[in-house]
Amino acid sequence: MKQKARKPLIIKIFLYLHVLFITSCTQNWPQFRGPESNMIATAKNLPDTWGPSENIRWSTEIEGESWTSPVVWGNKIFITSAIPVKVSPAPERQAPPPPRPQAEAAGTSGSGQNPPPPPQRPPDPEEDKSYLEEIYRWEVSCLDLKTGEILWKEVAKEGNPRTKKNRATNYASETPVTNGKRLYAYFGNNGLYCYDLEGTLLWEKDLGAYPTLNGWGTGSSPLLYKDMLYVQVDNEESSFLVALDAESGEEIWKKERDELTNYSTPIIWKNSIRTELVSGGKTARSYDPLTGELFWELEIAGYYNIPSPVSGQDMLYLGNAGYRDTPGTLFCISAGAEGDITPTEGESTSSGVVWSHPDAPTSNPSPLLYEELLYLLSSRGGEITCIDAVTGKQVYKEKIDNVAGCWASPWAYKDKIFFTDEKGVTQVFNAGRNFEVLHQNVLEDKFWASIAVSGDAYLMKGTEQIYCIGY
């Protein structure tokens, strides 16, 4: 009798814990592109419209430079930034050489004599090392989710940058990651730092400093799985993927990568056969996350490896962005793939590739998978391509006018698709096979960071402020 009486209590406790788990999952946004790296919002009461005077709970000014997205655990928001303390002035543009006289250009001097010898080629300019005199402060900040108040700020590093950067970028492009016990802030060439959630530095690690393409810097965000932290360090000199003990920072395994500068963030793919750590590049690779053993690899070509993979249960989708005369690419990979699964020339499938598009309109924003449809957003021009995720067939290709550059990932919520351009305009259109633009929301800021979702609110981080959007 006592056992029978206890069963309803056990069931109630189980249901309570289940609800608590679900609530906790919807409250937390612990990493780049969300808990499952898929940009799908599962909260129940997120706003559909917003603007400067509509559904803005609070906004907080951001100090410094940063493309990183916010992450959330409980009632705490975490962001990172690089604050210039002393910077070199922008180099002056060299005036073009004066034009040669017409007669000289024709090959003779004005006197009719033999032409003068051609001018000597000027020596190559010395490498600009003025960045070594600059000073930055790399900061980690924690904000209160309810009020936007800054709870704490910690300086991870202050000093000279270790590598030169392009004037169009900054030194804080990687989104931090948390497991609710520790926060990991990665500043690329300027170090990896582990804090507790109260702001106490637990450990730091130097993963090296390497030149990147055109000085555009690094962009791949760290990833957590169980008690391991993964960092993809791709550059022009010595690329690798490393797995660290999340508690101590000690190296567990490391794989050298035959890759140059890349920006995509790896994902954990939990399918019905195994759990995989999938990284992008000119060659995509899947590893055993515990040992670093290679499961499969796939040459995916394209031009830039910027978009991150996205997965369904037993299908994975990834590709590279195109550029000018080089098209983007897109592949669908089935669970259980082994070895080199690159399709032979002229083929679109292989033992592990279900379908592929060698000329897909994949761009900088990562693909969005929602209800068995893939949505690809162009970097510029406002083009949206919808592809059947099962067959690979194009469902539609449409264009929204007057869309600025798009860097952030699109997201899905309640059968609607959202994306924000760099000028702060969020376009909203319906999910499904019939394209229909519903409306747009506008915030006056510059946006490169992808959104975070916590409970019943969006967190949108511009270059000037972070905004909490909710009813």
# chains A, B, ... in the order shown; residues from 1 in each chain; ligands from 1
$ residues_around --residues "Glu464 of chain A" --least-positions-apart "6" --cutoff "9 Å" --atoms "only C-alpha atoms" --output "ChimeraX atom specification"
/A:60-65,445-446
$ closest_atom_pairs --of "segment 265-300 of chain A" --to "segment 314-335 of chain A" --cutoff "7 Å" --atoms "only C-alpha atoms" --output "JSON lines"
{"residue": "A:Asn271", "atom": "CA", "partner": "A:Asp314", "partner_atom": "CA", "distance": 5.1}
{"residue": "A:Ser272", "atom": "CA", "partner": "A:Asp314", "partner_atom": "CA", "distance": 6.5}
{"residue": "A:Ile273", "atom": "CA", "partner": "A:Ala335", "partner_atom": "CA", "distance": 6.6}
{"residue": "A:Ile300", "atom": "CA", "partner": "A:Gly319", "partner_atom": "CA", "distance": 6.3}
$ select_by_dssp --residues "segment 53-243 of chain A" --states "helix (DSSP H, G or I)" --output "ChimeraX atom specification"
/A:102-106,130-133,188-190,213-215
$ write_last_selection --atoms "N, CA and C atoms" --output "mmCIF file, in the first residue's frame"
data_model
loop_
_atom_site.group_PDB
_atom_site.id
_atom_site.type_symbol
_atom_site.label_atom_id
_atom_site.label_comp_id
_atom_site.auth_asym_id
_atom_site.auth_seq_id
_atom_site.Cartn_x
_atom_site.Cartn_y
_atom_site.Cartn_z
ATOM 1 N N GLN A 102 52.954 63.527 -72.130
ATOM 2 C CA GLN A 102 52.394 62.735 -73.206
ATOM 3 C C GLN A 102 53.460 62.151 -74.116
ATOM 4 N N ALA A 103 54.479 62.979 -74.454
ATOM 5 C CA ALA A 103 55.522 62.487 -75.350
ATOM 6 C C ALA A 103 56.298 61.356 -74.701
ATOM 7 N N GLU A 104 56.570 61.520 -73.411
ATOM 8 C CA GLU A 104 57.308 60.473 -72.714
ATOM 9 C C GLU A 104 56.489 59.205 -72.645
ATOM 10 N N ALA A 105 55.181 59.363 -72.437
ATOM 11 C CA ALA A 105 54.323 58.193 -72.372
ATOM 12 C C ALA A 105 54.297 57.468 -73.698
ATOM 13 N N ALA A 106 54.477 58.215 -74.792
ATOM 14 C CA ALA A 106 54.455 57.585 -76.113
ATOM 15 C C ALA A 106 55.770 56.884 -76.429
ATOM 16 N N SER A 130 52.583 49.642 -36.326
ATOM 17 C CA SER A 130 52.119 50.633 -35.356
ATOM 18 C C SER A 130 51.175 50.019 -34.327
ATOM 19 N N TYR A 131 50.539 48.880 -34.690
ATOM 20 C CA TYR A 131 49.626 48.249 -33.738
ATOM 21 C C TYR A 131 50.350 47.813 -32.466
ATOM 22 N N LEU A 132 51.667 47.607 -32.569
ATOM 23 C CA LEU A 132 52.430 47.187 -31.393
ATOM 24 C C LEU A 132 52.528 48.300 -30.352
ATOM 25 N N GLU A 133 52.225 49.522 -30.770
ATOM 26 C CA GLU A 133 52.234 50.649 -29.830
ATOM 27 C C GLU A 133 50.833 50.936 -29.291
ATOM 28 N N GLY A 188 40.465 35.315 -29.295
ATOM 29 C CA GLY A 188 41.321 34.955 -30.420
ATOM 30 C C GLY A 188 42.793 35.007 -30.048
ATOM 31 N N ASN A 189 43.560 35.760 -30.823
ATOM 32 C CA ASN A 189 44.997 35.845 -30.606
ATOM 33 C C ASN A 189 45.376 36.459 -29.261
ATOM 34 N N ASN A 190 44.416 37.017 -28.555
ATOM 35 C CA ASN A 190 44.704 37.690 -27.289
ATOM 36 C C ASN A 190 44.279 36.903 -26.063
ATOM 37 N N LEU A 213 43.841 36.244 -42.568
ATOM 38 C CA LEU A 213 43.629 36.779 -43.910
ATOM 39 C C LEU A 213 43.274 38.261 -43.847
ATOM 40 N N ASN A 214 44.082 39.089 -44.511
ATOM 41 C CA ASN A 214 43.840 40.534 -44.593
ATOM 42 C C ASN A 214 43.703 41.200 -43.229
ATOM 43 N N GLY A 215 44.204 40.547 -42.182
ATOM 44 C CA GLY A 215 44.069 41.117 -40.852
ATOM 45 C C GLY A 215 42.639 41.151 -40.357
#
$ residues_around --residues "segment 162-178 of chain A" --least-positions-apart "5" --cutoff "7 Å" --atoms "only C-alpha atoms" --output "PyMOL selection string"
chain A and resi 30-32+65-71+80-82+131+183-187+189-190+209-211+214-223
$ write_last_selection --atoms "N, CA and C atoms" --output "mmCIF file, in the first residue's frame"
data_model
loop_
_atom_site.group_PDB
_atom_site.id
_atom_site.type_symbol
_atom_site.label_atom_id
_atom_site.label_comp_id
_atom_site.auth_asym_id
_atom_site.auth_seq_id
_atom_site.Cartn_x
_atom_site.Cartn_y
_atom_site.Cartn_z
ATOM 1 N N PRO A 30 23.191 29.559 -23.797
ATOM 2 C CA PRO A 30 24.557 29.507 -23.272
ATOM 3 C C PRO A 30 25.677 29.677 -24.278
ATOM 4 N N GLN A 31 25.358 29.707 -25.582
ATOM 5 C CA GLN A 31 26.431 29.724 -26.573
ATOM 6 C C GLN A 31 25.942 30.374 -27.854
ATOM 7 N N PHE A 32 26.860 30.564 -28.792
ATOM 8 C CA PHE A 32 26.553 31.128 -30.091
ATOM 9 C C PHE A 32 25.459 30.304 -30.788
ATOM 10 N N GLU A 65 34.491 47.947 -28.553
ATOM 11 C CA GLU A 65 34.189 47.375 -29.867
ATOM 12 C C GLU A 65 33.950 45.877 -29.720
ATOM 13 N N SER A 66 32.953 45.376 -30.441
ATOM 14 C CA SER A 66 32.643 43.952 -30.293
ATOM 15 C C SER A 66 31.624 43.518 -31.325
ATOM 16 N N TRP A 67 31.881 42.346 -31.962
ATOM 17 C CA TRP A 67 30.875 41.708 -32.817
ATOM 18 C C TRP A 67 30.242 40.511 -32.104
ATOM 19 N N THR A 68 30.636 40.220 -30.875
ATOM 20 C CA THR A 68 30.173 39.014 -30.205
ATOM 21 C C THR A 68 28.693 39.086 -29.847
ATOM 22 N N SER A 69 28.064 37.915 -29.787
ATOM 23 C CA SER A 69 26.671 37.822 -29.372
ATOM 24 C C SER A 69 26.599 37.658 -27.854
ATOM 25 N N PRO A 70 25.490 38.085 -27.239
ATOM 26 C CA PRO A 70 25.326 37.844 -25.806
ATOM 27 C C PRO A 70 24.987 36.385 -25.532
ATOM 28 N N VAL A 71 25.341 35.913 -24.347
ATOM 29 C CA VAL A 71 24.882 34.610 -23.871
ATOM 30 C C VAL A 71 24.218 34.812 -22.508
ATOM 31 N N THR A 80 31.323 40.345 -24.221
ATOM 32 C CA THR A 80 32.746 40.677 -24.224
ATOM 33 C C THR A 80 32.992 41.853 -25.158
ATOM 34 N N SER A 81 34.090 42.559 -24.933
ATOM 35 C CA SER A 81 34.410 43.706 -25.784
ATOM 36 C C SER A 81 35.896 44.017 -25.696
ATOM 37 N N ALA A 82 36.391 44.721 -26.708
ATOM 38 C CA ALA A 82 37.765 45.222 -26.736
ATOM 39 C C ALA A 82 37.692 46.740 -26.755
ATOM 40 N N TYR A 131 50.539 48.880 -34.690
ATOM 41 C CA TYR A 131 49.626 48.249 -33.738
ATOM 42 C C TYR A 131 50.350 47.813 -32.466
ATOM 43 N N LEU A 183 32.272 30.544 -17.088
ATOM 44 C CA LEU A 183 32.129 31.318 -18.314
ATOM 45 C C LEU A 183 33.478 31.352 -19.011
ATOM 46 N N TYR A 184 33.462 31.098 -20.341
ATOM 47 C CA TYR A 184 34.695 31.065 -21.118
ATOM 48 C C TYR A 184 34.664 32.184 -22.150
ATOM 49 N N ALA A 185 35.602 33.108 -22.032
ATOM 50 C CA ALA A 185 35.698 34.243 -22.949
ATOM 51 C C ALA A 185 36.963 34.081 -23.780
ATOM 52 N N TYR A 186 36.782 34.000 -25.088
ATOM 53 C CA TYR A 186 37.898 33.783 -26.002
ATOM 54 C C TYR A 186 38.070 35.029 -26.847
ATOM 55 N N PHE A 187 39.281 35.603 -26.823
ATOM 56 C CA PHE A 187 39.583 36.800 -27.593
ATOM 57 C C PHE A 187 40.569 36.494 -28.714
ATOM 58 N N ASN A 189 43.560 35.760 -30.823
ATOM 59 C CA ASN A 189 44.997 35.845 -30.606
ATOM 60 C C ASN A 189 45.376 36.459 -29.261
ATOM 61 N N ASN A 190 44.416 37.017 -28.555
ATOM 62 C CA ASN A 190 44.704 37.690 -27.289
ATOM 63 C C ASN A 190 44.279 36.903 -26.063
ATOM 64 N N ALA A 209 49.388 33.280 -31.179
ATOM 65 C CA ALA A 209 48.991 34.444 -31.968
ATOM 66 C C ALA A 209 49.482 34.248 -33.390
ATOM 67 N N TYR A 210 48.556 34.328 -34.351
ATOM 68 C CA TYR A 210 48.869 33.996 -35.738
ATOM 69 C C TYR A 210 48.250 35.016 -36.686
ATOM 70 N N PRO A 211 48.906 35.279 -37.814
ATOM 71 C CA PRO A 211 48.322 36.200 -38.804
ATOM 72 C C PRO A 211 47.059 35.604 -39.422
ATOM 73 N N ASN A 214 44.082 39.089 -44.511
ATOM 74 C CA ASN A 214 43.840 40.534 -44.593
ATOM 75 C C ASN A 214 43.703 41.200 -43.229
ATOM 76 N N GLY A 215 44.204 40.547 -42.182
ATOM 77 C CA GLY A 215 44.069 41.117 -40.852
ATOM 78 C C GLY A 215 42.639 41.151 -40.357
ATOM 79 N N TRP A 216 41.777 40.313 -40.943
ATOM 80 C CA TRP A 216 40.369 40.319 -40.527
ATOM 81 C C TRP A 216 40.164 39.645 -39.173
ATOM 82 N N GLY A 217 41.194 39.029 -38.645
ATOM 83 C CA GLY A 217 41.107 38.482 -37.310
ATOM 84 C C GLY A 217 40.450 37.121 -37.262
ATOM 85 N N THR A 218 40.091 36.721 -36.050
ATOM 86 C CA THR A 218 39.501 35.419 -35.798
ATOM 87 C C THR A 218 38.002 35.580 -35.547
ATOM 88 N N GLY A 219 37.255 34.486 -35.610
ATOM 89 C CA GLY A 219 35.814 34.616 -35.429
ATOM 90 C C GLY A 219 35.128 33.371 -34.926
ATOM 91 N N SER A 220 35.814 32.258 -34.849
ATOM 92 C CA SER A 220 35.203 31.010 -34.418
ATOM 93 C C SER A 220 35.028 31.012 -32.905
ATOM 94 N N SER A 221 33.797 30.798 -32.436
ATOM 95 C CA SER A 221 33.506 30.860 -31.004
ATOM 96 C C SER A 221 33.778 29.526 -30.321
ATOM 97 N N PRO A 222 34.117 29.540 -29.032
ATOM 98 C CA PRO A 222 34.339 28.296 -28.298
ATOM 99 C C PRO A 222 33.035 27.530 -28.100
ATOM 100 N N LEU A 223 33.173 26.223 -27.866
ATOM 101 C CA LEU A 223 32.038 25.310 -27.762
ATOM 102 C C LEU A 223 32.250 24.383 -26.574
#
$ residues_around --residues "Ser239 of chain A" --least-positions-apart "3" --cutoff "7 Å" --atoms "only C-alpha atoms" --output "ChimeraX atom specification"
/A:233-235,256-260
$ write_last_selection --atoms "N, CA and C atoms" --output "PDB file, in the first residue's frame"
ATOM      1  N   VAL A 233      41.092  27.125 -34.042  1.00  0.00           N
ATOM      2  CA  VAL A 233      42.042  28.222 -34.236  1.00  0.00           C
ATOM      3  C   VAL A 233      42.569  28.144 -35.659  1.00  0.00           C
ATOM      4  N   ASP A 234      41.880  28.752 -36.607  1.00  0.00           N
ATOM      5  CA  ASP A 234      42.291  28.730 -38.013  1.00  0.00           C
ATOM      6  C   ASP A 234      42.904  30.074 -38.387  1.00  0.00           C
ATOM      7  N   ASN A 235      43.978  30.031 -39.158  1.00  0.00           N
ATOM      8  CA  ASN A 235      44.737  31.236 -39.473  1.00  0.00           C
ATOM      9  C   ASN A 235      45.604  30.972 -40.700  1.00  0.00           C
ATOM     10  N   GLU A 256      45.954  19.082 -35.740  1.00  0.00           N
ATOM     11  CA  GLU A 256      46.400  20.065 -36.730  1.00  0.00           C
ATOM     12  C   GLU A 256      45.421  20.057 -37.905  1.00  0.00           C
ATOM     13  N   ARG A 257      45.204  21.228 -38.493  1.00  0.00           N
ATOM     14  CA  ARG A 257      44.233  21.369 -39.582  1.00  0.00           C
ATOM     15  C   ARG A 257      44.911  21.934 -40.830  1.00  0.00           C
ATOM     16  N   ASP A 258      44.682  21.275 -41.958  1.00  0.00           N
ATOM     17  CA  ASP A 258      45.183  21.756 -43.235  1.00  0.00           C
ATOM     18  C   ASP A 258      44.202  22.801 -43.755  1.00  0.00           C
ATOM     19  N   GLU A 259      44.156  23.931 -43.068  1.00  0.00           N
ATOM     20  CA  GLU A 259      43.224  25.002 -43.377  1.00  0.00           C
ATOM     21  C   GLU A 259      43.923  26.345 -43.203  1.00  0.00           C
ATOM     22  N   LEU A 260      43.391  27.368 -43.892  1.00  0.00           N
ATOM     23  CA  LEU A 260      43.813  28.741 -43.652  1.00  0.00           C
ATOM     24  C   LEU A 260      42.715  29.432 -42.837  1.00  0.00           C
TER      25      LEU A 260
END
$ select_by_dssp --residues "segment 280-335 of chain A" --states "strand (DSSP E or B)" --output "list in words"
Thr283, Ala284, Arg285, Ser286, Tyr287, Leu294, Phe295, Trp296, Glu297, Leu298, Glu299, Tyr304, Val310, Ser311, Met315, Leu316, Tyr317, Leu318, Ala321, Tyr323, Thr326, Gly328, Thr329, Leu330, Phe331, Cys332, Ile333 and Ser334 of chain A
$ residues_around --residues "Gly346 of chain A" --least-positions-apart "5" --cutoff "12 Å" --atoms "only C-alpha atoms" --output "list in words"
Ser356, His357 and Pro358 of chain A
$ write_last_selection --atoms "C-alpha atoms" --output "CSV table (one decimal), in the first residue's frame"
chain,number,residue,atom,x,y,z
A,356,SER,CA,24.5,18.7,-52.5
A,357,HIS,CA,24.5,22.0,-54.4
A,358,PRO,CA,27.9,23.0,-55.7
$ atom_distance --atom1 "atom CA of Gly159 of chain A" --atom2 "atom CA of Thr212 of chain A"
20.0 Å
$ closest_residue --among "A:Ser53, A:Ser363, A:Gln427, A:Asn441" --to "Ala412 of chain A" --atoms "only C-alpha atoms"
A:Gln427
$ residues_around --residues "Ile40 of chain A" --least-positions-apart "2" --cutoff "12 Å" --atoms "only C-alpha atoms" --output "VMD selection string"
chain A and resid 26 29 33 to 38 42 to 43 310 to 312 367 to 371 409 to 418 451 to 454
$ closest_residue --among "A:Leu377, A:Lys226, A:Asp288, A:Thr283" --to "Trp253 of chain A" --atoms "only C-alpha atoms"
A:Asp288
$ atom_distance --atom1 "atom CA of Glu347 of chain A" --atom2 "atom CA of Ser378 of chain A"
25.6 Å
